[in-house]
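Shown below: protein-v2.json, with JSON, C-alpha atoms.
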[["chain", "number", "residue", "atom", "x", "y", "z"],
["Z", 231, "MET", "CA", 10.35, -16.66, 54.71],
["Z", 232, "ASP", "CA", 11.78, -19.87, 56.13],
["Z", 233, "GLN", "CA", 15.28, -20.29, 54.57],
["Z", 234, "ASP", "CA", 15.35, -23.98, 55.54],
["Z", 235, "ARG", "CA", 12.56, -24.72, 53.06],
["Z", 236, "LEU", "CA", 14.22, -23.10, 50.05],
["Z", 237, "LEU", "CA", 15.91, -25.37, 47.52],
["Z", 238, "PRO", "CA", 19.59, -24.81, 46.78],
["Z", 239, "ARG", "CA", 19.97, -22.63, 43.67],
["Z", 240, "ASP", "CA", 21.06, -25.49, 41.33],
["Z", 241, "ALA", "CA", 18.17, -27.69, 42.46],
["Z", 242, "TRP", "CA", 15.72, -24.81, 42.08],
["Z", 243, "LEU", "CA", 16.96, -24.06, 38.54],
["Z", 244, "ALA", "CA", 16.73, -27.75, 37.62],
["Z", 245, "SER", "CA", 13.12, -27.80, 38.85],
["Z", 246, "LEU", "CA", 11.96, -25.01, 36.54],
["Z", 247, "PRO", "CA", 9.99, -25.92, 33.40],
["Z", 248, "ARG", "CA", 11.91, -25.98, 30.13],
["Z", 249, "SER", "CA", 10.51, -24.55, 26.93],
["Z", 250, "PHE", "CA", 11.40, -24.82, 23.28],
["Z", 251, "THR", "CA", 11.87, -21.36, 21.71],
["Z", 252, "ALA", "CA", 11.68, -20.53, 18.03],
["Z", 253, "ALA", "CA", 11.49, -17.48, 15.83],
["Z", 254, "ALA", "CA", 10.08, -16.92, 12.38],
["Z", 255, "ALA", "CA", 9.78, -14.23, 9.76],
["Z", 256, "LEU", "CA", 6.52, -13.11, 8.18],
["Z", 257, "LEU", "CA", 7.45, -12.24, 4.60],
["Z", 258, "THR", "CA", 4.92, -11.28, 1.95],
["Z", 259, "ASP", "CA", 5.18, -10.23, -1.64],
["Z", 260, "GLU", "CA", 3.66, -7.05, -3.08],
["Z", 261, "ALA", "CA", 0.56, -9.04, -4.09],
["Z", 262, "GLY", "CA", -0.05, -9.82, -0.40],
["Z", 263, "ARG", "CA", 0.90, -13.49, -0.65],
["Z", 264, "VAL", "CA", 2.64, -15.11, 2.33],
["Z", 265, "LEU", "CA", 5.88, -17.05, 2.05],
["Z", 266, "VAL", "CA", 5.44, -20.54, 3.51],
["Z", 267, "VAL", "CA", 7.92, -23.40, 3.43],
["Z", 268, "LYS", "CA", 7.49, -27.17, 3.64],
["Z", 269, "PRO", "CA", 10.07, -29.02, 5.73],
["Z", 270, "ASN", "CA", 11.30, -32.43, 4.61],
["Z", 271, "TYR", "CA", 11.56, -33.77, 8.17],
["Z", 272, "ARG", "CA", 7.89, -33.51, 9.22],
["Z", 273, "PRO", "CA", 4.46, -33.02, 7.66],
["Z", 274, "GLY", "CA", 2.91, -29.62, 7.11],
["Z", 275, "TRP", "CA", 3.96, -26.11, 6.18],
["Z", 276, "GLN", "CA", 5.46, -23.34, 8.30],
["Z", 277, "PHE", "CA", 6.93, -19.87, 8.22],
["Z", 278, "ALA", "CA", 10.62, -19.50, 7.43],
["Z", 279, "GLY", "CA", 12.16, -19.82, 10.87],
["Z", 280, "GLY", "CA", 13.60, -22.17, 13.43],
["Z", 281, "VAL", "CA", 15.05, -22.78, 16.85],
["Z", 282, "ILE", "CA", 16.83, -19.95, 18.65],
["Z", 283, "ASP", "CA", 20.52, -20.83, 19.05],
["Z", 284, "LEU", "CA", 22.47, -20.28, 22.24],
["Z", 285, "GLY", "CA", 23.78, -16.71, 22.29],
["Z", 286, "GLU", "CA", 21.33, -15.22, 19.80],
["Z", 287, "ASP", "CA", 18.12, -13.36, 20.43],
["Z", 288, "ALA", "CA", 14.80, -14.04, 18.72],
["Z", 289, "ALA", "CA", 15.21, -11.33, 16.06],
["Z", 290, "GLN", "CA", 18.69, -12.59, 15.16],
["Z", 291, "CYS", "CA", 17.27, -16.10, 14.85],
["Z", 292, "ALA", "CA", 14.45, -14.99, 12.55],
["Z", 293, "ARG", "CA", 16.90, -13.18, 10.26],
["Z", 294, "ARG", "CA", 19.40, -16.08, 10.27],
["Z", 295, "GLU", "CA", 16.73, -18.67, 9.55],
["Z", 296, "LEU", "CA", 15.23, -16.58, 6.75],
["Z", 297, "LEU", "CA", 18.66, -16.32, 5.14],
["Z", 298, "GLU", "CA", 19.50, -20.02, 5.62],
["Z", 299, "GLU", "CA", 16.14, -21.27, 4.37],
["Z", 300, "THR", "CA", 15.47, -18.84, 1.51],
["Z", 301, "GLY", "CA", 18.71, -17.08, 0.63],
["Z", 302, "LEU", "CA", 17.08, -13.72, 1.45],
["Z", 303, "ASP", "CA", 19.13, -11.51, 3.77],
["Z", 304, "ARG", "CA", 16.61, -9.10, 5.21],
["Z", 305, "GLU", "CA", 16.47, -7.04, 8.35],
["Z", 306, "VAL", "CA", 13.57, -8.12, 10.49],
["Z", 307, "GLY", "CA", 11.31, -5.42, 11.76],
["Z", 308, "PRO", "CA", 8.95, -5.32, 14.69],
["Z", 309, "LEU", "CA", 7.96, -8.30, 16.76],
["Z", 310, "LEU", "CA", 4.41, -9.11, 15.66],
["Z", 311, "VAL", "CA", 3.48, -12.17, 17.71],
["Z", 312, "VAL", "CA", 4.54, -14.12, 20.77],
["Z", 313, "ALA", "CA", 2.67, -17.42, 21.04],
["Z", 314, "TRP", "CA", 2.71, -20.15, 23.66],
["Z", 315, "THR", "CA", 2.06, -23.78, 22.73],
["Z", 316, "HIS", "CA", 1.29, -26.41, 25.34],
["Z", 317, "PRO", "CA", 3.21, -29.70, 25.40],
["Z", 318, "SER", "CA", 1.99, -32.29, 22.91],
["Z", 319, "GLU", "CA", 2.79, -35.74, 21.55],
["Z", 320, "GLN", "CA", 5.19, -34.12, 19.07],
["Z", 321, "LEU", "CA", 6.91, -31.93, 21.64],
["Z", 322, "PRO", "CA", 6.81, -33.00, 25.30],
["Z", 323, "HIS", "CA", 7.41, -29.52, 26.69],
["Z", 324, "PRO", "CA", 5.90, -26.08, 26.07],
["Z", 325, "SER", "CA", 7.12, -23.87, 23.27],
["Z", 326, "VAL", "CA", 7.31, -20.15, 22.71],
["Z", 327, "HIS", "CA", 7.17, -18.80, 19.16],
["Z", 328, "PHE", "CA", 8.17, -15.30, 18.07],
["Z", 329, "VAL", "CA", 7.09, -13.94, 14.66],
["Z", 330, "PHE", "CA", 8.84, -10.87, 13.26],
["Z", 331, "ASP", "CA", 7.89, -8.66, 10.33],
["Z", 332, "ALA", "CA", 10.31, -9.20, 7.42],
["Z", 333, "GLY", "CA", 8.38, -6.84, 5.17],
["Z", 334, "SER", "CA", 7.39, -7.30, 1.57],
["Z", 335, "VAL", "CA", 9.35, -8.18, -1.57],
["Z", 336, "PRO", "CA", 8.51, -7.74, -5.27],
["Z", 337, "VAL", "CA", 6.31, -10.36, -6.93],
["Z", 338, "GLY", "CA", 8.54, -13.00, -8.50],
["Z", 339, "THR", "CA", 11.31, -12.76, -5.91],
["Z", 340, "GLU", "CA", 13.37, -15.92, -6.26],
["Z", 341, "ILE", "CA", 13.98, -18.16, -3.28],
["Z", 342, "ALA", "CA", 17.13, -20.28, -2.87],
["Z", 343, "LEU", "CA", 15.52, -23.10, -0.93],
["Z", 344, "GLN", "CA", 17.62, -24.85, 1.73],
["Z", 345, "ALA", "CA", 17.49, -28.39, 0.32],
["Z", 346, "ALA", "CA", 18.87, -30.00, 3.49],
["Z", 347, "GLU", "CA", 15.70, -29.10, 5.45],
["Z", 348, "LEU", "CA", 13.05, -27.90, 3.01],
["Z", 349, "GLU", "CA", 11.37, -29.53, 0.04],
["Z", 350, "GLU", "CA", 9.14, -26.74, -1.22],
["Z", 351, "TYR", "CA", 8.14, -23.12, -0.82],
["Z", 352, "ARG", "CA", 5.07, -21.23, -1.91],
["Z", 353, "TRP", "CA", 3.89, -17.64, -2.12],
["Z", 354, "ALA", "CA", 0.40, -18.44, -0.87],
["Z", 355, "PRO", "CA", -2.64, -16.18, -0.87],
["Z", 356, "VAL", "CA", -3.57, -15.57, 2.76],
["Z", 357, "ALA", "CA", -6.60, -17.90, 2.74],
["Z", 358, "GLU", "CA", -4.44, -20.70, 1.31],
["Z", 359, "ALA", "CA", -1.67, -19.96, 3.82],
["Z", 360, "TYR", "CA", -4.20, -20.34, 6.66],
["Z", 361, "GLU", "CA", -5.05, -23.83, 5.42],
["Z", 362, "LEU", "CA", -1.47, -24.88, 4.72],
["Z", 363, "LEU", "CA", -0.18, -23.74, 8.10],
["Z", 364, "GLY", "CA", -2.74, -25.58, 10.24],
["Z", 365, "PRO", "CA", -4.54, -24.25, 13.33],
["Z", 366, "ALA", "CA", -1.64, -23.15, 15.58],
["Z", 367, "ARG", "CA", 0.34, -21.43, 12.84],
["Z", 368, "GLU", "CA", -2.85, -20.04, 11.30],
["Z", 369, "SER", "CA", -3.60, -18.23, 14.56],
["Z", 370, "ARG", "CA", -0.05, -16.81, 14.54],
["Z", 371, "LEU", "CA", -0.48, -15.63, 10.94],
["Z", 372, "ARG", "CA", -3.84, -13.99, 11.75],
["Z", 373, "ALA", "CA", -2.30, -12.23, 14.75],
["Z", 374, "ALA", "CA", 0.79, -11.20, 12.77],
["Z", 375, "LEU", "CA", -1.27, -9.71, 9.94],
["Z", 376, "ALA", "CA", -3.47, -7.86, 12.42],
["Z", 377, "ALA", "CA", -0.41, -6.51, 14.27],
["Z", 378, "ARG", "CA", 1.06, -5.47, 10.94],
["Z", 379, "GLY", "CA", -2.19, -3.68, 10.16],
["Z", 380, "THR", "CA", -2.72, -5.84, 7.09],
["Z", 381, "GLU", "CA", -5.76, -8.01, 7.57],
["Z", 382, "TRP", "CA", -6.04, -9.72, 4.22],
["Z", 383, "SER", "CA", -8.74, -12.28, 3.70],
["Z", 384, "GLY", "CA", -7.88, -13.72, 0.29]]
Whole structure, structure tokens version:
Amino acid sequence: MDQDRLLPRDAWLASLPRSFTAAAALLTDEAGRVLVVKPNYRPGWQFAGGVIDLGEDAAQCARRELLEETGLDREVGPLLVVAWTHPSEQLPHPSVHFVFDAGSVPVGTEIALQAAELEEYRWAPVAEAYELLGPARESRLRAALAARGTEWSG
């Protein structure tokens, strides 16, 4: 390899693509309904989750975000989904999304909603969750349920 054609390390690092990384928790209740939350800063519904902070890994982020957004302090289990999203008008660079299994809670589990970022939550039957989440998140939910071995349709 011709060393004269290689970029200096700092220039090479600066030339690499950047990506947005986020982690979320799939949490269901014993009736098989999916916890979805509605942010107050953009349209649509999403899983409890958020951006991975410097110094934390994806599983730590999913647990932290679940606690911050819902008041539920739960260990997150296996990684169920890794999804790539291409740049868009909303986000000008690619994003990587991790979805972890946060298990199931009893029906009627109370949520302490994070009012600073969220305006509503819902324990949605799976079919309703698919509609609320929109196409990209729906595909993540379908993949997460399949990886969990729980392919609910209703």
Checklist entry - Which of these, Z:Glu298, Z:Asp283, Z:Glu319, Z:Glu368, has the shortest distance to Thr251 of chain Z once you count all atoms listed in the file? => result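 Looking only at the distances to Thr251 of chain Z, the closest residue turns out to be Z:Asp283.
Closest approach to Ala373 of chain Z from the set Z:Ala313, Z:Ala332, Z:Leu284, Z:Val266 is made by Z:Ala313, with distances taken over all atoms listed in the file.
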Checklist entry - With all atoms listed in the file as the basis for distance, which of Z:Pro365, Z:Phe330, Z:Ala357, Z:Pro247 is at the shortest distance from Ala377 of chain Z? => result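 Residue with the minimum atom-to-atom distance to Ala377 of chain Z: Z:Phe330.
The residue that comes closest to Ala346 of chain Z, out of Z:Glu299, Z:Arg248, Z:Ile282, Z:Ala254 and on the basis of only C-alpha atoms, is Z:Glu299.
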Checklist entry - At what distance in Å, to one decimal, does atom CA of Trp353 of chain Z lie from atom CA of Thr258 of chain Z? => result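 Interatomic distance here is 7.6 Å.
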Next on the checklist: Quick one: residues within 7 Å of Pro324 of chain Z, only C-alpha atoms, excluding same-chain residues fewer than 4 positions away - as a PyMOL selection string?
Outcome noted: chain Z and resi 249-250+315-317
Checklist entry - Of the candidates Z:Tyr360, Z:Trp314, Z:Phe328, Z:Trp242, which shows the shortest atom-to-atom distance to Leu265 of chain Z, using only C-alpha atoms? => result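 Ranked by minimum distance to Leu265 of chain Z, first place goes to Z:Tyr360.
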Checklist entry - Given the choices Z:Arg263, Z:His327, Z:Arg352, Z:Lys268, which gets closest to Gly280 of chain Z if the distance is worked out from all atoms listed in the file? => result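 Between Z:Arg263, Z:His327, Z:Arg352, Z:Lys268, the residue approaching Gly280 of chain Z most closely is Z:His327.
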Next on the checklist: Applying 8 Å and only C-alpha atoms, which residues near segment 259-262 of chain Z remain after dropping the ones on its own chain fewer than 5 positions away? List them as a PyMOL selection string.
Outcome noted: chain Z and resi 334-337+339+353+355-356+382
Item to check | Who sits within 10 Å of Ile341 of chain Z, only C-alpha atoms, same chain under 3 positions skipped, as a list in words | outcome: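 Near neighbours after the sequence-gap exclusion: Leu265, Leu297, Glu299, Thr300, Gly301, Leu302, Gly338, Gln344, Tyr351 and Arg352 of chain Z.
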Checklist entry - Between atom CA of Arg370 of chain Z and atom CA of Ala252 of chain Z, what is the distance, to one decimal in Å? => result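 Atom CA of Ala252 of chain Z lies 12.8 Å from atom CA of Arg370 of chain Z.
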Next on the checklist: I want to know what sits within 8 Å of Val267 of chain Z, based on all atoms listed in the file, with residues of the same chain fewer than 2 positions away left out; could you give that as an MDAnalysis selection string?
Outcome noted: chainID Z and resid 265 269 275:278 348:352
Item to check | Interatomic distance (Å, one decimal) between atom CA of Val329 of chain Z and atom CA of Val281 of chain Z | outcome: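 These two atoms are separated by 12.1 Å.
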Which residues of segment 244-298 of chain Z have any atom within 12 Å of an atom in segment 235-240 of chain Z when counting only C-alpha atoms, and what is the closest pair of atoms for each, with the distance in Å to one decimal? Order the rows by chain and rising number and write it as a tab-separated table.
residue	atom	partner	partner_atom	distance
Z:Ala244	CA	Z:Asp240	CA	6.1
Z:Ser245	CA	Z:Asp240	CA	8.6
Z:Leu246	CA	Z:Asp240	CA	10.3
Since the input is missing atoms for segment 244-255 of chain Z, could you rebuild it with all heavy atoms and give the result as a compact mmCIF listing (two decimals), in the coordinates of the input?
# COMPACT_ATOMS: atom_id res chain seq x y z
N ALA Z 244 17.05 -26.47 38.27
CA ALA Z 244 16.73 -27.75 37.62
C ALA Z 244 15.24 -28.07 37.70
O ALA Z 244 14.72 -28.81 36.87
CB ALA Z 244 17.55 -28.87 38.24
N SER Z 245 14.55 -27.51 38.68
CA SER Z 245 13.12 -27.80 38.85
C SER Z 245 12.23 -26.94 37.96
O SER Z 245 11.04 -27.23 37.83
CB SER Z 245 12.72 -27.60 40.32
OG SER Z 245 12.64 -26.21 40.62
N LEU Z 246 12.78 -25.90 37.36
CA LEU Z 246 11.96 -25.01 36.54
C LEU Z 246 11.56 -25.68 35.22
O LEU Z 246 12.32 -26.48 34.68
CB LEU Z 246 12.73 -23.72 36.23
CG LEU Z 246 13.06 -22.83 37.43
CD1 LEU Z 246 13.92 -21.65 36.99
CD2 LEU Z 246 11.79 -22.35 38.10
N PRO Z 247 10.39 -25.35 34.68
CA PRO Z 247 9.99 -25.92 33.40
C PRO Z 247 10.89 -25.44 32.28
O PRO Z 247 11.40 -24.32 32.31
CB PRO Z 247 8.56 -25.42 33.21
CG PRO Z 247 8.37 -24.32 34.17
CD PRO Z 247 9.40 -24.44 35.24
N ARG Z 248 11.12 -26.32 31.32
CA ARG Z 248 11.91 -25.98 30.13
C ARG Z 248 10.94 -25.67 29.01
O ARG Z 248 9.85 -26.24 28.94
CB ARG Z 248 12.78 -27.16 29.71
CG ARG Z 248 13.71 -27.65 30.78
CD ARG Z 248 15.00 -26.85 30.74
NE ARG Z 248 16.07 -27.42 31.55
CZ ARG Z 248 16.21 -27.25 32.84
NH1 ARG Z 248 15.33 -26.59 33.52
NH2 ARG Z 248 17.23 -27.74 33.48
N SER Z 249 11.34 -24.79 28.10
CA SER Z 249 10.51 -24.55 26.93
C SER Z 249 11.39 -24.49 25.69
O SER Z 249 12.54 -24.11 25.75
CB SER Z 249 9.69 -23.27 27.08
OG SER Z 249 10.52 -22.14 27.08
N PHE Z 250 10.80 -24.88 24.60
CA PHE Z 250 11.40 -24.82 23.28
C PHE Z 250 11.12 -23.41 22.77
O PHE Z 250 9.99 -22.92 22.89
CB PHE Z 250 10.70 -25.89 22.44
CG PHE Z 250 10.91 -25.81 20.97
CD1 PHE Z 250 11.98 -26.46 20.39
CD2 PHE Z 250 10.02 -25.13 20.17
CE1 PHE Z 250 12.15 -26.43 19.02
CE2 PHE Z 250 10.18 -25.09 18.80
CZ PHE Z 250 11.26 -25.74 18.22
N THR Z 251 12.10 -22.71 22.22
CA THR Z 251 11.87 -21.36 21.71
C THR Z 251 12.28 -21.29 20.25
O THR Z 251 13.32 -21.81 19.84
CB THR Z 251 12.61 -20.29 22.52
OG1 THR Z 251 14.01 -20.60 22.56
CG2 THR Z 251 12.09 -20.19 23.93
N ALA Z 252 11.45 -20.64 19.47
CA ALA Z 252 11.68 -20.53 18.03
C ALA Z 252 11.28 -19.14 17.57
O ALA Z 252 10.49 -18.45 18.22
CB ALA Z 252 10.88 -21.59 17.29
N ALA Z 253 11.83 -18.76 16.43
CA ALA Z 253 11.49 -17.48 15.83
C ALA Z 253 11.29 -17.66 14.34
O ALA Z 253 11.92 -18.51 13.71
CB ALA Z 253 12.60 -16.45 16.10
N ALA Z 254 10.40 -16.84 13.80
CA ALA Z 254 10.08 -16.92 12.38
C ALA Z 254 9.92 -15.53 11.81
O ALA Z 254 9.77 -14.55 12.55
CB ALA Z 254 8.80 -17.73 12.18
N ALA Z 255 9.93 -15.48 10.48
CA ALA Z 255 9.78 -14.23 9.76
C ALA Z 255 8.51 -14.27 8.93
O ALA Z 255 8.30 -15.23 8.17
CB ALA Z 255 10.98 -13.99 8.86
